[in-house]
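**Student:** My file is data-v5.cif. It has mmCIF, C-alpha atoms and all ligand atoms:
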data_final
#
loop_
_atom_site.label_atom_id
_atom_site.label_comp_id
_atom_site.auth_asym_id
_atom_site.auth_seq_id
_atom_site.Cartn_x
_atom_site.Cartn_y
_atom_site.Cartn_z
CA MET A 1 27.49 -4.36 15.09
CA SER A 2 24.72 -2.87 12.99
CA THR A 3 21.06 -3.79 13.30
CA THR A 4 19.67 -6.35 10.86
CA ILE A 5 16.39 -5.59 9.14
CA ALA A 6 14.50 -8.22 7.15
CA PHE A 7 12.26 -6.99 4.35
CA LEU A 8 9.68 -9.39 2.91
CA GLY A 9 7.76 -8.44 -0.23
CA LEU A 10 9.67 -6.57 -2.93
CA GLY A 11 6.67 -5.43 -4.98
CA ALA A 12 5.95 -2.06 -6.60
CA ILE A 13 6.19 -0.21 -3.28
CA GLY A 14 8.21 -2.67 -1.15
CA ALA A 15 11.31 -2.65 -3.36
CA PRO A 16 11.83 1.14 -3.41
CA MET A 17 11.18 1.26 0.36
CA ALA A 18 13.71 -1.47 1.15
CA ARG A 19 16.31 0.17 -1.07
CA HIS A 20 16.87 2.96 1.51
CA LEU A 21 17.79 0.71 4.43
CA PRO A 22 21.47 -0.10 3.75
CA ALA A 23 22.23 3.60 3.20
CA ARG A 24 20.95 4.19 6.75
CA GLY A 25 23.50 1.75 8.14
CA PHE A 26 21.22 -1.28 8.51
CA ASP A 27 22.19 -4.79 7.43
CA LEU A 28 19.44 -5.78 5.02
CA VAL A 29 18.08 -9.28 4.39
CA VAL A 30 15.35 -9.65 1.77
CA TRP A 31 12.89 -12.36 0.88
CA ASN A 32 10.40 -12.40 -1.96
CA ARG A 33 7.98 -15.16 -2.98
CA THR A 34 9.39 -15.03 -6.51
CA ALA A 35 13.07 -15.42 -5.67
CA GLN A 36 14.23 -14.00 -8.98
CA ARG A 37 12.85 -10.60 -7.98
CA ALA A 38 14.90 -10.63 -4.76
CA GLU A 39 18.03 -11.65 -6.65
CA GLU A 40 17.53 -8.80 -9.13
CA PHE A 41 17.06 -6.40 -6.21
CA ALA A 42 20.28 -7.56 -4.55
CA ARG A 43 22.22 -6.87 -7.75
CA THR A 44 21.89 -3.14 -7.14
CA VAL A 45 21.36 -2.97 -3.36
CA ARG A 46 23.64 -4.29 -0.58
CA ALA A 47 21.40 -7.06 0.74
CA ARG A 48 21.47 -10.78 1.49
CA VAL A 49 18.75 -12.82 -0.21
CA ALA A 50 17.14 -15.25 2.23
CA PRO A 51 15.73 -18.53 0.90
CA THR A 52 12.74 -18.56 3.30
CA PRO A 53 10.84 -16.18 5.61
CA ALA A 54 12.23 -18.13 8.61
CA ASP A 55 15.79 -17.60 7.44
CA ALA A 56 15.16 -13.90 6.75
CA ALA A 57 13.82 -13.41 10.28
CA ARG A 58 16.56 -15.32 12.11
CA ASP A 59 18.97 -12.43 12.89
CA ALA A 60 16.54 -9.54 12.39
CA ALA A 61 15.63 -7.07 15.10
CA VAL A 62 12.91 -5.69 12.84
CA ILE A 63 11.03 -7.62 10.15
CA ILE A 64 9.13 -5.53 7.63
CA THR A 65 6.40 -7.08 5.49
CA CYS A 66 4.76 -5.43 2.48
CA LEU A 67 2.34 -7.85 0.83
CA PRO A 68 -1.02 -7.36 -0.93
CA THR A 69 -3.26 -8.04 2.09
CA SER A 70 -3.01 -8.95 5.78
CA LEU A 71 -4.06 -12.51 4.94
CA GLU A 72 -0.83 -13.12 3.02
CA VAL A 73 1.12 -11.74 5.98
CA GLU A 74 -0.75 -14.04 8.36
CA ALA A 75 -0.09 -17.01 6.09
CA LEU A 76 3.64 -16.22 6.18
CA LEU A 77 3.76 -16.92 9.93
CA ASP A 78 3.27 -20.66 9.73
CA GLY A 79 5.06 -23.70 8.36
CA TYR A 80 8.55 -25.05 8.96
CA ASP A 81 10.04 -22.17 6.94
CA GLY A 82 7.53 -19.54 8.11
CA LEU A 83 8.29 -16.40 10.10
CA LEU A 84 7.47 -17.95 13.48
CA ALA A 85 10.06 -20.67 12.89
CA GLY A 86 12.80 -18.06 12.65
CA VAL A 87 11.81 -14.92 14.52
CA ARG A 88 13.74 -13.98 17.69
CA ARG A 89 12.11 -13.11 21.02
CA GLY A 90 12.29 -9.31 21.38
CA ALA A 91 12.04 -8.68 17.62
CA THR A 92 9.32 -6.50 16.06
CA LEU A 93 7.21 -7.25 13.00
CA VAL A 94 6.33 -4.03 11.19
CA ASP A 95 3.64 -4.68 8.61
CA CYS A 96 3.64 -2.01 5.89
CA THR A 97 0.87 -3.80 4.00
CA SER A 98 -2.32 -1.73 3.72
CA GLY A 99 -3.96 -4.29 5.93
CA ASP A 100 -7.19 -4.93 7.76
CA PRO A 101 -7.40 -4.26 11.49
CA ALA A 102 -9.00 -7.56 12.51
CA THR A 103 -6.25 -9.65 10.92
CA SER A 104 -3.56 -7.30 12.27
CA ARG A 105 -4.91 -7.80 15.81
CA ARG A 106 -4.88 -11.56 15.29
CA ILE A 107 -1.28 -11.48 14.05
CA ALA A 108 -0.26 -9.25 16.98
CA ALA A 109 -1.81 -11.68 19.48
CA ARG A 110 0.02 -14.68 18.00
CA LEU A 111 3.34 -12.82 18.00
CA ARG A 112 2.84 -11.62 21.57
CA GLU A 113 2.76 -15.27 22.71
CA ARG A 114 6.30 -15.56 21.29
CA GLY A 115 7.57 -12.33 22.86
CA VAL A 116 7.49 -10.52 19.51
CA ASP A 117 5.98 -7.04 19.04
CA PHE A 118 3.80 -5.95 16.15
CA VAL A 119 3.11 -2.61 14.49
CA ASP A 120 0.74 -2.10 11.56
CA ALA A 121 2.42 0.60 9.50
CA PRO A 122 0.78 1.15 6.12
CA VAL A 123 2.25 3.86 3.95
CA SER A 124 1.03 6.57 1.62
CA GLY A 125 2.83 8.54 -1.06
CA GLY A 126 3.03 6.00 -3.88
CA LYS A 127 6.01 4.68 -5.75
CA ARG A 128 7.49 8.14 -6.09
CA GLY A 129 7.26 8.78 -2.33
CA ALA A 130 8.93 5.41 -1.72
CA GLU A 131 11.75 6.24 -4.13
CA ASP A 132 12.26 9.67 -2.56
CA GLY A 133 11.97 8.36 1.01
CA THR A 134 9.10 10.75 1.71
CA LEU A 135 6.26 8.35 2.53
CA THR A 136 3.71 9.01 5.24
CA VAL A 137 3.67 6.05 7.65
CA MET A 138 0.62 5.47 9.85
CA CYS A 139 1.33 3.26 12.83
CA GLY A 140 -0.81 1.17 15.14
CA GLY A 141 0.76 -0.35 18.25
CA ASP A 142 2.24 0.42 21.66
CA THR A 143 3.88 3.84 21.89
CA ALA A 144 7.18 2.40 23.10
CA VAL A 145 7.30 -0.11 20.24
CA VAL A 146 6.45 2.51 17.62
CA ASP A 147 9.16 4.80 19.03
CA ARG A 148 11.67 1.95 18.91
CA VAL A 149 11.09 1.32 15.19
CA ARG A 150 10.94 5.00 14.18
CA PRO A 151 14.61 5.13 13.06
CA VAL A 152 13.90 2.23 10.70
CA LEU A 153 10.68 3.74 9.35
CA SER A 154 12.39 7.09 8.80
CA ALA A 155 14.61 5.43 6.17
CA PHE A 156 11.63 5.61 3.79
CA GLY A 157 9.12 7.76 5.69
CA LYS A 158 9.07 11.51 6.19
CA ILE A 159 5.93 11.75 8.33
CA ILE A 160 5.56 8.93 10.84
CA VAL A 161 2.39 9.14 12.88
CA HIS A 162 1.32 6.97 15.79
CA CYS A 163 -2.44 6.59 15.18
CA GLY A 164 -3.36 4.39 18.17
CA ASP A 165 -3.42 0.71 19.12
CA VAL A 166 -2.78 -2.17 16.72
CA GLY A 167 -5.18 -1.77 13.77
CA ALA A 168 -5.38 2.02 13.97
CA GLY A 169 -2.82 2.49 11.18
CA ASP A 170 -4.80 0.12 8.95
CA MET A 171 -8.02 2.00 9.64
CA VAL A 172 -6.58 5.45 8.87
CA LYS A 173 -5.08 4.08 5.67
CA ALA A 174 -8.40 2.50 4.60
CA VAL A 175 -10.27 5.79 5.09
CA ASN A 176 -7.56 7.63 3.14
CA GLN A 177 -7.93 5.12 0.31
CA ALA A 178 -11.71 5.48 0.28
CA LEU A 179 -11.22 9.23 -0.12
CA LEU A 180 -8.75 8.65 -2.96
CA ALA A 181 -11.19 6.34 -4.75
CA ILE A 182 -14.11 8.72 -4.30
CA HIS A 183 -12.00 11.60 -5.67
CA ILE A 184 -10.99 9.54 -8.71
CA TRP A 185 -14.54 8.49 -9.50
CA ALA A 186 -16.07 11.92 -8.86
CA THR A 187 -13.42 13.73 -10.90
CA GLY A 188 -13.90 11.21 -13.71
CA GLU A 189 -17.67 11.68 -13.73
CA GLY A 190 -17.37 15.47 -13.69
CA LEU A 191 -14.82 15.66 -16.47
CA ALA A 192 -16.69 13.09 -18.61
CA THR A 193 -19.78 15.28 -18.26
CA LEU A 194 -17.84 18.38 -19.31
CA ALA A 195 -16.12 16.60 -22.21
CA LYS A 196 -19.44 15.29 -23.50
CA SER A 197 -20.94 18.76 -23.18
CA GLY A 198 -18.19 20.22 -25.37
CA VAL A 199 -16.00 21.81 -22.68
CA ASP A 200 -12.22 21.40 -23.02
CA THR A 201 -11.23 19.28 -20.01
CA ARG A 202 -7.77 20.88 -19.79
CA VAL A 203 -9.43 24.26 -19.35
CA ALA A 204 -11.91 22.78 -16.88
CA LEU A 205 -9.11 21.23 -14.80
CA GLU A 206 -7.22 24.52 -14.77
CA VAL A 207 -10.29 26.17 -13.27
CA ILE A 208 -11.01 23.36 -10.79
CA ASN A 209 -7.38 23.30 -9.66
CA ALA A 210 -7.64 26.98 -8.81
CA SER A 211 -10.98 26.44 -7.07
CA SER A 212 -12.51 24.65 -4.10
CA GLY A 213 -13.14 21.33 -5.87
CA ARG A 214 -9.45 20.56 -6.30
CA SER A 215 -7.69 17.55 -4.83
CA ASN A 216 -4.46 15.62 -5.31
CA THR A 217 -6.45 13.61 -7.84
CA SER A 218 -7.42 16.66 -9.91
CA MET A 219 -4.07 18.41 -9.47
CA ASN A 220 -1.73 15.50 -10.13
CA LEU A 221 -3.34 12.21 -11.11
CA PHE A 222 -5.61 13.49 -13.88
CA PRO A 223 -3.11 15.80 -15.65
CA GLU A 224 -0.25 13.29 -15.41
CA ARG A 225 -2.14 10.09 -16.08
CA VAL A 226 -5.57 10.62 -17.65
CA LEU A 227 -5.25 13.69 -19.87
CA SER A 228 -1.83 12.49 -20.99
CA ARG A 229 -3.34 8.99 -21.60
CA ALA A 230 -0.17 7.62 -19.95
CA PHE A 231 -1.97 5.55 -17.26
CA PRO A 232 1.31 4.31 -15.70
CA ARG A 233 0.94 1.17 -13.60
CA THR A 234 2.16 2.13 -10.12
CA PHE A 235 -0.61 0.96 -7.78
CA ARG A 236 -2.93 -1.80 -8.83
CA LEU A 237 -6.67 -1.22 -9.02
CA ALA A 238 -7.05 -4.64 -7.37
CA LEU A 239 -5.28 -3.26 -4.28
CA LEU A 240 -7.49 -0.17 -4.15
CA ASP A 241 -10.53 -2.47 -4.40
CA LYS A 242 -9.11 -4.38 -1.41
CA ASP A 243 -8.62 -1.07 0.49
CA LEU A 244 -12.23 -0.08 -0.21
CA ARG A 245 -13.51 -3.40 1.11
CA ILE A 246 -11.63 -2.70 4.34
CA ALA A 247 -12.98 0.86 4.51
CA ALA A 248 -16.54 -0.35 3.88
CA GLN A 249 -16.17 -3.08 6.51
CA ILE A 250 -14.79 -0.82 9.26
CA ALA A 251 -17.57 1.70 8.62
CA ARG A 252 -20.18 -1.07 8.99
CA ASP A 253 -18.42 -2.39 12.10
CA ALA A 254 -18.46 1.10 13.59
CA GLY A 255 -22.20 1.41 12.82
CA VAL A 256 -21.63 4.48 10.65
CA ALA A 257 -24.00 5.10 7.74
CA SER A 258 -21.54 5.26 4.87
CA PRO A 259 -23.34 5.23 1.51
CA LEU A 260 -20.47 6.88 -0.38
CA THR A 261 -17.86 4.41 0.87
CA GLN A 262 -20.13 1.41 0.25
CA LEU A 263 -20.93 2.58 -3.29
CA ALA A 264 -17.28 3.35 -4.06
CA SER A 265 -16.45 -0.18 -2.94
CA GLU A 266 -19.04 -1.62 -5.36
CA LEU A 267 -17.87 0.59 -8.24
CA PHE A 268 -14.20 -0.30 -7.84
CA ARG A 269 -15.00 -4.01 -7.43
CA ALA A 270 -16.85 -3.91 -10.77
CA ALA A 271 -13.97 -1.93 -12.35
CA ARG A 272 -11.50 -4.56 -11.14
CA ILE A 273 -13.59 -7.33 -12.72
CA GLU A 274 -13.78 -5.37 -15.99
CA LEU A 275 -10.15 -4.21 -16.19
CA GLY A 276 -8.31 -7.12 -14.57
CA GLU A 277 -5.69 -7.69 -11.89
CA ASP A 278 -2.88 -5.72 -13.55
CA ALA A 279 -4.77 -2.47 -14.25
CA ASP A 280 -3.67 0.66 -12.40
CA HIS A 281 -6.08 2.29 -9.93
CA VAL A 282 -6.53 5.43 -12.06
CA GLU A 283 -7.64 3.25 -14.97
CA ALA A 284 -11.01 2.96 -13.20
CA VAL A 285 -11.70 6.14 -15.16
CA ARG A 286 -11.77 3.98 -18.30
CA VAL A 287 -15.04 2.46 -17.04
CA ILE A 288 -16.60 5.93 -16.82
CA GLU A 289 -15.28 6.72 -20.30
CA ARG A 290 -16.71 3.49 -21.70
CA THR A 291 -20.14 3.88 -20.15
CA SER A 292 -20.40 7.56 -21.07
CA GLY A 293 -18.96 7.12 -24.58
CA VAL A 294 -16.38 9.86 -24.24
CA GLU A 295 -12.62 10.06 -23.72
CA ILE A 296 -11.53 12.58 -21.08
CA GLY A 297 -8.85 14.80 -22.52
CA ALA A 298 -9.29 13.61 -26.10
P1 LIG B 301 2.56 -5.65 -5.71
O1 LIG B 301 1.43 -6.42 -6.26
O2 LIG B 301 3.42 -4.84 -6.63
O3 LIG B 301 3.57 -6.64 -4.92
C1 LIG B 301 3.07 -7.57 -4.01
C2 LIG B 301 4.21 -8.24 -3.27
O4 LIG B 301 3.65 -9.25 -2.42
C3 LIG B 301 5.20 -8.96 -4.20
O5 LIG B 301 6.46 -8.96 -3.58
C4 LIG B 301 4.60 -10.38 -4.24
O6 LIG B 301 5.56 -11.38 -4.54
C5 LIG B 301 4.17 -10.52 -2.81
N1 LIG B 301 3.13 -11.54 -2.65
C6 LIG B 301 1.93 -11.60 -3.28
N2 LIG B 301 1.22 -12.66 -2.83
C7 LIG B 301 2.01 -13.28 -1.92
C8 LIG B 301 1.86 -14.44 -1.12
N3 LIG B 301 0.72 -15.16 -1.15
N4 LIG B 301 2.87 -14.80 -0.29
C9 LIG B 301 3.99 -14.08 -0.24
N5 LIG B 301 4.21 -12.96 -0.98
C10 LIG B 301 3.22 -12.58 -1.80
O7 LIG B 301 1.97 -4.76 -4.55
P2 LIG B 301 2.48 -3.33 -4.01
O8 LIG B 301 3.92 -3.42 -3.71
O9 LIG B 301 1.99 -2.26 -4.89
O10 LIG B 301 1.62 -3.24 -2.66
C11 LIG B 301 2.00 -3.89 -1.45
C12 LIG B 301 1.13 -3.29 -0.33
O11 LIG B 301 1.41 -1.90 -0.23
C13 LIG B 301 -0.38 -3.44 -0.60
O12 LIG B 301 -1.06 -3.66 0.60
C14 LIG B 301 -0.74 -2.07 -1.17
O13 LIG B 301 -2.11 -1.77 -0.98
C15 LIG B 301 0.20 -1.15 -0.41
N6 LIG B 301 0.53 0.12 -1.06
C16 LIG B 301 0.94 0.18 -2.37
C17 LIG B 301 1.24 1.41 -2.95
C18 LIG B 301 1.70 1.56 -4.37
O14 LIG B 301 1.82 2.71 -4.85
N7 LIG B 301 1.98 0.49 -5.11
C19 LIG B 301 1.10 2.66 -2.19
C20 LIG B 301 0.73 2.48 -0.81
C21 LIG B 301 0.43 1.26 -0.29
P3 LIG B 301 5.84 -11.87 -6.05
O15 LIG B 301 6.97 -11.02 -6.54
O16 LIG B 301 6.19 -13.28 -5.89
O17 LIG B 301 4.56 -11.66 -6.83
#
Now that the file is in, can you turn its structure into structure tokens?
**Tutor:**
Amino acid sequence: MSTTIAFLGLGAIGAPMARHLPARGFDLVVWNRTAQRAEEFARTVRARVAPTPADAARDAAVIITCLPTSLEVEALLDGYDGLLAGVRRGATLVDCTSGDPATSRRIAARLRERGVDFVDAPVSGGKRGAEDGTLTVMCGGDTAVVDRVRPVLSAFGKIIVHCGDVGAGDMVKAVNQALLAIHIWATGEGLATLAKSGVDTRVALEVINASSGRSNTSMNLFPERVLSRAFPRTFRLALLDKDLRIAAQIARDAGVASPLTQLASELFRAARIELGEDADHVEAVRVIERTSGVEIGA
């Protein structure tokens, strides 16, 4: 009999991740808050649609969640149709949300009382990495538990790293996201300056991408999304703002002076307010363009 995996949260990244599981021989059960999305998913993927989180968890050895924040995952535990009402003793909850370590530890403690293991396992690599099954997965939890769920994670992950105890995956992810945000803002400021000073930004990027200032942001995000003016919506700015809040909080908790992270958090919070909940993270550049009165790549 094959192992049953429950996947809860078929959003921009969750859906392409879950899609790989049946091909790896797992029985897949899905649940999504908006049921229509789960039904659409199951039209093209061999999966059973569960009516509630409790029902999704009932036969599952591994339950994967991928929701906006840890708080939504925590809220899914309770209620007559919540995860705790259905989950089996000996099962593992793998939370692929880019979460916060304090909430993850709280969730892990509540699950432990029920004989259920927990791993925080945020991912990196974007929608494309999810579609290709090449995500990086950063795990926090007991070594034995992480090793047990590795075959499941490898359905959508290429690099699966055990970062430490519960919460360690969330913390590594938050720092990665702070770096991403800082790269976006710094590249935007630099290119806006060059554009306003009469330098062709395509030429400038060619130079930067062959020089020491290059990054994934300058090499991929700016050519594909900003200079092209495509700005595809793959990862919401609202979620990057959430990631920055986590990064800023863990730096403060650790007593590390972190002016860049704190400022990036303020800048992206303001960008989210200006651009709204549906804007993509790279669209933060539009704020720089507006305030500097120049379009990068125009
Ligand atoms: P989306 O906004 O596209 O999807 C969010 C998902 O969570 C949807 O399935 C939504 O259901 C569900 N949801 C929202 N609120 C609730 C709630 N209160 N209760 C239950 N379900 C809820 O987000 P993403 O898929 O982009 O992101 C998910 C996580 O993955 C986030 O933590 C994000 O930071 C992280 N991530 C995203 C990446 C990306 O490229 N998009 C890359 C790496 C990490 P519904 O359909 O009903 O709205």
**Student:** Which one of A:Ala264, A:Met138, A:Ile63, A:Ala247 sits closest to Phe118 in chain A if you count only C-alpha atoms?
**Tutor:**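 For Phe118 in chain A, the nearest of the given residues is A:Ile63.
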**Student:** Could you report the residues within 6 Å of ligand LIG 301 (chain B), using all atoms listed in the file, as number ranges by chain?
**Tutor:** A: 9-14, 32-34, 66-69, 72, 97-98, 123-124, 126-127, 234-235, 239
**Student:** What is the distance, in Å and to one decimal place, between CA of Ala181 in chain A and CA of Leu267 in chain A?
**Tutor:**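 Separating CA of Ala181 in chain A from CA of Leu267 in chain A is a distance of 9.5 Å.
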**Student:** Would you please work out which residue, of A:Ser228, A:Thr143, A:Arg202, A:Glu189, is nearest to Val287 in chain A when using all atoms listed in the file?
**Tutor:**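 Residue with the minimum atom-to-atom distance to Val287 in chain A: A:Glu189.
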**Student:** Suppose you want the space between CA of Thr52 in chain A and CA of Ala35 in chain A; what is it in Å?
**Tutor:** 9.5 Å
**Student:** Between A:Ile246, A:Leu240, A:Gly297, A:Asn216, which is the closest to Glu277 in chain A once you count all atoms listed in the file?
**Tutor:** A:Leu240
**Student:** Using only C-alpha atoms, tabulate the residues of range 47-89 of chain A lying at most 10 Å from any atom of range 147-165 of chain A, each with its closest atom pair and that distance in Å to one decimal, by chain and increasing residue number, as CSV.
**Tutor:**
residue,atom,partner,partner_atom,distance
A:Ala61,CA,A:Val149,CA,9.5
A:Val62,CA,A:Val149,CA,7.6
A:Ile64,CA,A:Leu153,CA,9.6
